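> Quick one, work.cif (mmCIF, C-alpha atoms):
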data_final
#
loop_
_atom_site.label_atom_id
_atom_site.label_comp_id
_atom_site.auth_asym_id
_atom_site.auth_seq_id
_atom_site.Cartn_x
_atom_site.Cartn_y
_atom_site.Cartn_z
CA MET A 28 -104.37 -127.75 -45.84
CA LEU A 29 -104.82 -128.87 -42.20
CA LYS A 30 -104.65 -125.26 -41.06
CA ASP A 31 -107.42 -124.32 -43.51
CA THR A 32 -109.49 -127.23 -42.21
CA PHE A 33 -109.18 -126.01 -38.63
CA ILE A 34 -110.21 -122.48 -39.64
CA GLY A 35 -113.14 -123.90 -41.60
CA LEU A 36 -114.26 -125.74 -38.46
CA GLY A 37 -114.29 -122.46 -36.55
CA LEU A 38 -111.07 -123.10 -34.63
CA PRO A 39 -108.47 -120.35 -34.16
CA GLU A 40 -104.96 -120.58 -35.58
CA THR A 41 -103.56 -121.10 -32.06
CA ALA A 42 -105.66 -124.25 -31.72
CA TYR A 43 -104.10 -125.54 -34.92
CA ARG A 44 -100.60 -124.83 -33.54
CA VAL A 45 -101.42 -126.62 -30.27
CA TYR A 46 -102.78 -129.62 -32.17
CA LEU A 47 -99.74 -129.74 -34.44
CA CYS A 48 -97.46 -129.62 -31.39
CA LEU A 49 -99.21 -132.69 -29.95
CA VAL A 50 -98.91 -134.45 -33.31
CA GLU A 51 -95.18 -133.82 -33.45
CA ASN A 52 -94.33 -134.44 -29.78
CA GLY A 53 -96.95 -136.93 -28.66
CA ALA A 54 -98.74 -136.73 -25.29
CA SER A 55 -97.65 -133.54 -23.52
CA SER A 56 -98.51 -131.36 -20.55
CA ALA A 57 -99.93 -127.90 -21.06
CA ARG A 58 -96.70 -126.49 -19.63
CA LYS A 59 -94.61 -128.28 -22.28
CA VAL A 60 -96.91 -127.16 -25.09
CA ALA A 61 -96.74 -123.56 -23.85
CA THR A 62 -92.95 -123.73 -23.69
CA ASP A 63 -92.60 -125.33 -27.12
CA LEU A 64 -94.89 -122.78 -28.77
CA GLY A 65 -93.83 -119.77 -26.75
CA ILE A 66 -97.38 -118.79 -25.83
CA PRO A 67 -98.97 -118.23 -22.38
CA ARG A 68 -100.21 -121.32 -20.59
CA PRO A 69 -103.77 -119.91 -20.09
CA SER A 70 -104.03 -119.57 -23.88
CA VAL A 71 -102.87 -123.18 -24.28
CA TYR A 72 -105.53 -124.36 -21.82
CA ASP A 73 -108.25 -122.39 -23.61
CA ASN A 74 -107.35 -123.94 -26.96
CA LEU A 75 -106.95 -127.42 -25.52
CA LYS A 76 -110.47 -127.07 -24.17
CA LEU A 77 -111.74 -126.21 -27.66
CA LEU A 78 -109.95 -129.21 -29.16
CA ILE A 79 -111.34 -131.53 -26.49
CA GLN A 80 -114.86 -130.22 -27.13
CA LYS A 81 -114.40 -131.04 -30.83
CA GLY A 82 -113.31 -134.56 -29.92
CA ILE A 83 -109.91 -134.37 -31.60
CA VAL A 84 -107.81 -134.12 -28.41
CA SER A 85 -108.22 -136.04 -25.15
CA GLU A 86 -106.99 -135.50 -21.61
CA ARG A 87 -105.63 -138.18 -19.24
CA GLU A 88 -103.75 -138.51 -15.96
CA ASP A 89 -100.08 -139.44 -16.11
CA GLY A 90 -98.85 -139.86 -12.57
CA ASN A 91 -99.69 -136.63 -10.78
CA LYS A 92 -100.10 -134.45 -13.84
CA LYS A 93 -102.48 -134.06 -16.75
CA VAL A 94 -101.29 -134.72 -20.27
CA PHE A 95 -103.01 -134.16 -23.59
CA GLN A 96 -102.88 -136.21 -26.78
CA ILE A 97 -104.59 -136.30 -30.16
CA GLU A 98 -107.58 -138.55 -30.73
CA ASP A 99 -108.14 -140.75 -33.79
CA PRO A 100 -107.49 -138.46 -36.83
CA LYS A 101 -110.63 -139.91 -38.42
CA ASN A 102 -112.57 -137.70 -36.02
CA LEU A 103 -111.49 -134.76 -38.18
CA THR A 104 -113.31 -136.31 -41.14
CA GLN A 105 -116.46 -136.68 -39.06
CA LEU A 106 -116.24 -133.04 -38.01
CA ILE A 107 -115.91 -131.96 -41.65
CA GLU A 108 -118.94 -134.06 -42.60
CA LEU A 109 -120.96 -132.49 -39.79
CA LYS A 110 -119.88 -129.05 -40.98
CA ILE A 111 -120.94 -129.86 -44.53
CA GLU A 112 -124.36 -131.04 -43.34
CA SER A 113 -124.74 -127.87 -41.29
CA LEU A 114 -123.88 -125.71 -44.30
CA LYS A 115 -126.39 -127.60 -46.44
CA GLU A 116 -129.11 -126.94 -43.89
CA GLN A 117 -128.15 -123.26 -43.77
CA LYS A 118 -128.27 -123.10 -47.57
CA GLN A 119 -131.79 -124.55 -47.57
CA GLU A 120 -132.96 -122.05 -44.97
CA ILE A 121 -131.40 -119.11 -46.81
CA SER A 122 -132.92 -120.29 -50.11
CA LYS A 123 -136.36 -119.92 -48.53
CA ILE A 124 -135.85 -116.25 -47.72
CA ILE A 125 -133.91 -115.22 -50.84
CA PRO A 126 -137.05 -114.27 -52.84
CA GLU A 127 -138.10 -111.84 -50.12
CA LEU A 128 -134.59 -110.43 -49.79
CA ALA A 129 -134.38 -110.00 -53.56
CA LYS A 130 -137.41 -107.68 -53.50
CA HIS A 131 -135.50 -105.27 -51.29
CA LEU A 132 -132.24 -105.78 -53.19
CA ILE A 133 -133.70 -104.52 -56.45
CA ALA A 134 -134.44 -101.18 -54.83
CA VAL A 135 -131.00 -100.60 -53.32
CA GLU A 136 -128.52 -102.47 -55.55
CA PRO A 137 -126.36 -100.37 -57.87
CA LYS A 138 -127.53 -100.75 -61.45
CA ILE A 139 -124.02 -101.15 -62.86
CA LYS A 140 -121.02 -102.94 -61.34
CA PHE A 141 -117.61 -102.60 -62.94
CA TYR A 142 -114.72 -105.05 -62.56
CA ALA A 143 -111.17 -104.45 -63.81
CA GLY A 144 -108.45 -106.91 -64.78
CA LYS A 145 -108.45 -110.67 -65.36
CA GLU A 146 -109.73 -111.52 -61.89
CA GLY A 147 -112.43 -108.91 -62.27
CA VAL A 148 -113.54 -110.56 -65.50
CA ARG A 149 -113.86 -113.88 -63.69
CA GLN A 150 -115.82 -112.19 -60.92
CA VAL A 151 -118.40 -111.09 -63.48
CA LEU A 152 -119.24 -114.71 -64.27
CA ARG A 153 -119.30 -115.74 -60.61
CA ASP A 154 -122.38 -113.56 -60.22
CA LEU A 155 -124.22 -115.88 -62.60
CA LEU A 156 -123.47 -118.86 -60.34
CA TRP A 157 -125.58 -117.41 -57.55
CA TYR A 158 -128.63 -118.38 -59.62
CA GLU A 159 -130.28 -121.76 -60.15
CA ASP A 160 -132.67 -123.30 -62.65
CA LEU A 161 -132.55 -120.54 -65.29
CA LYS A 162 -132.29 -120.18 -69.04
CA THR A 163 -129.35 -117.97 -69.95
CA TYR A 164 -128.16 -116.47 -73.24
CA ALA A 165 -124.68 -115.54 -74.43
CA MET A 166 -122.96 -113.96 -77.40
CA TRP A 167 -119.65 -115.67 -76.92
CA PRO A 168 -116.49 -115.39 -79.09
CA ILE A 169 -115.26 -118.65 -77.64
CA SER A 170 -111.60 -118.64 -78.69
CA GLU A 171 -111.25 -115.14 -77.25
CA MET A 172 -112.91 -116.21 -73.98
CA VAL A 173 -110.62 -119.24 -73.63
CA GLU A 174 -107.66 -116.89 -73.91
CA ILE A 175 -109.06 -114.46 -71.35
CA LEU A 176 -110.51 -116.85 -68.77
CA GLY A 177 -108.36 -119.95 -69.23
CA ALA A 178 -109.51 -123.45 -70.10
CA GLU A 179 -109.46 -124.71 -66.50
CA TYR A 180 -111.63 -121.84 -65.31
CA ILE A 181 -114.17 -122.43 -68.08
CA LYS A 182 -114.19 -126.16 -67.33
CA ASP A 183 -114.91 -125.52 -63.65
CA PHE A 184 -117.45 -122.84 -64.52
CA THR A 185 -119.27 -125.31 -66.80
CA ARG A 186 -119.36 -127.91 -64.03
CA ARG A 187 -120.83 -125.45 -61.56
CA LYS A 188 -123.27 -124.08 -64.12
CA VAL A 189 -124.61 -127.58 -64.76
CA SER A 190 -124.82 -128.23 -61.02
CA ASN A 191 -126.99 -125.11 -60.71
CA LYS A 192 -129.22 -126.28 -63.59
CA LEU A 193 -128.42 -123.26 -65.74
CA TRP A 194 -129.22 -123.87 -69.40
CA SER A 195 -127.12 -121.75 -71.75
CA TYR A 196 -128.04 -120.84 -75.31
CA VAL A 197 -124.91 -119.55 -76.96
CA ILE A 198 -124.01 -117.92 -80.27
CA TRP A 199 -120.42 -118.15 -81.51
CA PRO A 200 -118.90 -116.16 -84.40
CA GLN A 201 -117.53 -118.46 -87.08
CA ASP A 202 -114.10 -116.81 -87.12
CA LYS A 203 -113.50 -117.56 -83.42
CA LEU A 204 -114.23 -121.27 -83.11
CA ILE A 205 -112.38 -123.89 -81.06
CA ASP A 206 -111.75 -127.61 -81.53
CA PHE A 207 -114.34 -129.54 -79.51
CA LYS A 208 -111.89 -132.43 -79.17
CA ALA A 209 -109.43 -130.13 -77.39
CA TYR A 210 -112.17 -128.70 -75.16
CA PRO A 211 -114.73 -131.49 -74.63
CA PHE A 212 -116.35 -129.62 -71.71
CA LEU A 213 -117.65 -127.10 -74.27
CA GLY A 214 -119.96 -129.68 -75.78
CA VAL A 215 -123.69 -129.36 -76.35
CA GLY A 216 -126.73 -131.22 -75.07
CA TRP A 217 -128.09 -132.32 -71.71
CA LYS A 218 -124.68 -133.24 -70.29
CA TYR A 219 -123.53 -129.63 -70.50
CA LEU A 220 -126.96 -127.93 -70.49
CA ARG A 221 -125.82 -126.04 -73.55
CA ASP A 222 -127.06 -125.36 -77.08
CA ILE A 223 -124.72 -123.58 -79.48
CA ARG A 224 -125.36 -121.86 -82.78
CA LEU A 225 -122.95 -120.23 -85.24
CA ALA A 226 -123.65 -116.67 -86.30
CA PRO A 227 -123.92 -115.88 -90.03
CA LYS A 228 -120.60 -115.58 -91.85
CA GLY A 229 -119.12 -112.11 -91.71
CA MET A 230 -120.66 -111.39 -88.30
CA SER A 231 -117.88 -111.13 -85.73
CA TRP A 232 -117.24 -109.54 -82.33
CA ASN A 233 -114.63 -109.55 -79.56
CA MET A 234 -116.66 -108.46 -76.55
CA SER A 235 -119.02 -110.97 -74.93
CA TYR A 236 -122.22 -110.78 -72.98
CA TRP A 237 -124.20 -113.26 -70.88
CA LEU A 238 -127.87 -112.56 -70.16
CA TYR A 239 -129.49 -114.08 -67.06
CA ALA A 240 -132.43 -113.10 -64.86
CA ASP A 241 -132.63 -109.30 -65.16
CA LYS A 242 -128.88 -108.92 -65.62
CA VAL A 243 -126.44 -108.68 -68.51
CA ALA A 244 -122.77 -109.44 -67.83
CA PHE A 245 -120.27 -108.01 -70.30
CA ILE A 246 -116.68 -109.15 -70.78
CA SER A 247 -114.30 -107.09 -72.85
CA SER A 248 -111.57 -108.22 -75.25
CA ARG A 249 -108.07 -109.22 -74.08
CA GLN A 250 -106.76 -105.77 -74.93
CA GLU A 251 -109.16 -103.90 -72.64
CA SER A 252 -109.60 -106.55 -69.90
CA PHE A 253 -112.63 -105.47 -67.91
CA GLY A 254 -116.10 -106.71 -67.09
CA MET A 255 -119.36 -105.21 -65.90
CA VAL A 256 -122.80 -106.34 -64.84
CA ILE A 257 -125.87 -104.24 -65.67
CA HIS A 258 -128.92 -104.98 -63.56
CA SER A 259 -131.94 -103.64 -65.40
CA ARG A 260 -135.08 -105.42 -66.52
CA ASP A 261 -135.64 -103.04 -69.41
CA PHE A 262 -132.07 -103.41 -70.63
CA ALA A 263 -132.20 -107.20 -70.27
CA GLU A 264 -135.39 -107.31 -72.35
CA LEU A 265 -133.72 -105.22 -75.06
CA ILE A 266 -130.70 -107.52 -75.21
CA LEU A 267 -132.92 -110.60 -75.27
CA ALA A 268 -134.92 -109.18 -78.20
CA GLN A 269 -131.71 -108.69 -80.15
CA PHE A 270 -130.45 -112.15 -79.19
CA LYS A 271 -133.65 -113.79 -80.45
CA GLU A 272 -133.23 -112.24 -83.89
CA ILE A 273 -129.61 -113.37 -84.22
CA TRP A 274 -130.52 -116.84 -82.90
CA LYS A 275 -133.11 -117.22 -85.67
CA VAL A 276 -130.55 -116.73 -88.45
CA SER A 277 -127.74 -118.73 -86.81
CA GLU A 278 -126.95 -122.38 -87.59
CA PRO A 279 -126.96 -125.09 -84.87
CA VAL A 280 -123.62 -126.72 -84.19
CA LYS A 281 -125.57 -129.96 -83.66
CA ARG A 282 -129.21 -130.83 -84.11
CA LEU A 283 -130.53 -131.60 -80.63
CA LYS A 284 -133.74 -133.34 -79.69
CA ASN A 285 -135.86 -133.12 -76.56
CA ILE A 286 -134.09 -130.12 -75.05
CA PRO A 287 -135.85 -127.09 -73.58
CA LYS A 288 -136.73 -124.43 -76.11
CA PRO A 289 -134.73 -121.24 -75.57
CA PHE A 290 -137.70 -118.85 -75.50
#
Represent the structure from my file as structure tokens, please.

Amino acid sequence: MLKDTFIGLGLPETAYRVYLCLVENGASSARKVATDLGIPRPSVYDNLKLLIQKGIVSEREDGNKKVFQIEDPKNLTQLIELKIESLKEQKQEISKIIPELAKHLIAVEPKIKFYAGKEGVRQVLRDLLWYEDLKTYAMWPISEMVEILGAEYIKDFTRRKVSNKLWSYVIWPQDKLIDFKAYPFLGVGWKYLRDIRLAPKGMSWNMSYWLYADKVAFISSRQESFGMVIHSRDFAELILAQFKEIWKVSEPVKRLKNIPKPF
């Protein structure tokens, strides 16, 4: 964990090793650190300089030699907080230019992306999480999707979907339902930004799709285990037209008031 933190702060692995050496041995000279780690002294000095600049290591005189020691570990927390603030600022700046970038992306992006295997299936849904403040639509055989994606993944996906203000209007087949008590994160209403309807009896399917923006993400059954994303406005409009007709004849899981209309 500490190693990952150092890398996240832009520090090299050697800096982490130098820091850990000081943690384990206390105040030490650069020569001792170099000997303990088996790395050249110039490299030790370079990394000590980086650690001092970050405020997590300090230098002092001990007799006629310089020794180095770690600073208050709480300084690491402050560095992480500064990094988070910096990333937030970068996100805001990037958000401003995304619309312009998207204009160029439409012209060069492949129209179909294919993903194989369980991890590939999860990757399909991660694409949705790049978007914010959208209405999305899904034909979702929920018990099948729980088996494929895993309950913990769906729980985390729901949390992130809500954070991104993505409303989902979902149709489930009646022969593939789940127990809401066992999966409370699959609830409906404002808390989950989700409205669910049950398709007419006798209507069933194993493959799923999720429609968002000008994209349709497909997830296969457990047997085939693949996913793909089709980026096409015309195709998305066709799928939405079909979804609207099925939505009309499907029954709400719960009557909800004061929620955004799906269309």
> My list of candidates is A:Arg224, A:Glu179, A:Gln80, A:Ile66. Which is closest to Ile273 in chain A when distances are computed with all atoms listed in the file?
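Nearest candidate to Ile273 in chain A out of A:Arg224, A:Glu179, A:Gln80, A:Ile66: A:Arg224.
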> Mind listing as a ChimeraX atom specification all residues within 9 Å of (-105.7, -135.5, -30.7), counting all atoms listed in the file?
/A:46,49-50,54,78-79,82-85,95-100,102
> Residues picked by the PyMOL selection byres ((chain A and resi 241) around 8) here, as a PyMOL selection string?
chain A and resi 238-240+242-243+258-260+263-264
> Let me make sure I understand: among A:Thr62, A:Gln269, A:Ser113, A:Gln250, which one has the smallest atom-to-atom distance to Lys145 in chain A if we use all atoms listed in the file?
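Counting all atoms listed in the file, the residue closest to Lys145 in chain A is A:Gln250.
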> Name the residues that the PyMOL selection byres ((chain A and resi 61) around 12) pulls out of this structure, and write them as a short mmCIF file (atom, residue, chain, number, x, y, z; two decimals) with C-alpha atoms, in the coordinates of the input.

data_model
loop_
_atom_site.label_atom_id
_atom_site.label_comp_id
_atom_site.auth_asym_id
_atom_site.auth_seq_id
_atom_site.Cartn_x
_atom_site.Cartn_y
_atom_site.Cartn_z
CA THR A 41 -103.56 -121.10 -32.06
CA ALA A 42 -105.66 -124.25 -31.72
CA ARG A 44 -100.60 -124.83 -33.54
CA VAL A 45 -101.42 -126.62 -30.27
CA TYR A 46 -102.78 -129.62 -32.17
CA CYS A 48 -97.46 -129.62 -31.39
CA LEU A 49 -99.21 -132.69 -29.95
CA SER A 55 -97.65 -133.54 -23.52
CA SER A 56 -98.51 -131.36 -20.55
CA ALA A 57 -99.93 -127.90 -21.06
CA ARG A 58 -96.70 -126.49 -19.63
CA LYS A 59 -94.61 -128.28 -22.28
CA VAL A 60 -96.91 -127.16 -25.09
CA THR A 62 -92.95 -123.73 -23.69
CA ASP A 63 -92.60 -125.33 -27.12
CA LEU A 64 -94.89 -122.78 -28.77
CA GLY A 65 -93.83 -119.77 -26.75
CA ILE A 66 -97.38 -118.79 -25.83
CA PRO A 67 -98.97 -118.23 -22.38
CA ARG A 68 -100.21 -121.32 -20.59
CA PRO A 69 -103.77 -119.91 -20.09
CA SER A 70 -104.03 -119.57 -23.88
CA VAL A 71 -102.87 -123.18 -24.28
CA TYR A 72 -105.53 -124.36 -21.82
CA ASP A 73 -108.25 -122.39 -23.61
CA ASN A 74 -107.35 -123.94 -26.96
CA LEU A 75 -106.95 -127.42 -25.52
#
> Pick out the residues sitting within 10 Å of range 146-149 of chain A, and hand them over as a ChimeraX atom specification; count only C-alpha atoms, and ignore anything fewer than 2 positions along from it in its own chain.
/A:141-144,151-154,175-177,180-181,184,244-247,252-255
> By how many Å are CA of Leu77 in chain A and CA of Lys118 in chain A apart?
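Going from CA of Leu77 in chain A over to CA of Lys118 in chain A covers 26.1 Å.
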> With distances taken over only C-alpha atoms, which of A:Ala178, A:Leu47, A:Leu29, A:Lys228 is nearest to Thr104 in chain A?
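Distance minimum relative to Thr104 in chain A lands on A:Leu29.
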> Mind telling me what the PyMOL selection byres ((chain A and resi 219) around 9) catches here, as a list in words?
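What the PyMOL selection byres ((chain A and resi 219) around 9) grabs from the file is Thr185, Arg186, Lys188, Val189, Trp194, Ser195, Phe212, Leu213, Gly214, Val215, Gly216, Trp217, Lys218, Leu220, Arg221 and Asp222 of chain A.
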> What is the distance, in Å and to one decimal place, between CA of Trp199 in chain A and CA of Arg249 in chain A?
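Computed distance, CA of Trp199 in chain A to CA of Arg249 in chain A, equals 17.0 Å.
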> Please provide as a PyMOL selection string all residues within 9 Å of Gly229 in chain A, with the sequence filter that same-chain residues fewer than 2 positions apart are discarded (counting only C-alpha atoms).
chain A and resi 200-202+226-227+231
> Kindly give the distance, in Å, that separates CA of Gln105 in chain A and CA of Asn191 in chain A, rounded to a single decimal.
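Going from CA of Gln105 in chain A over to CA of Asn191 in chain A covers 26.7 Å.
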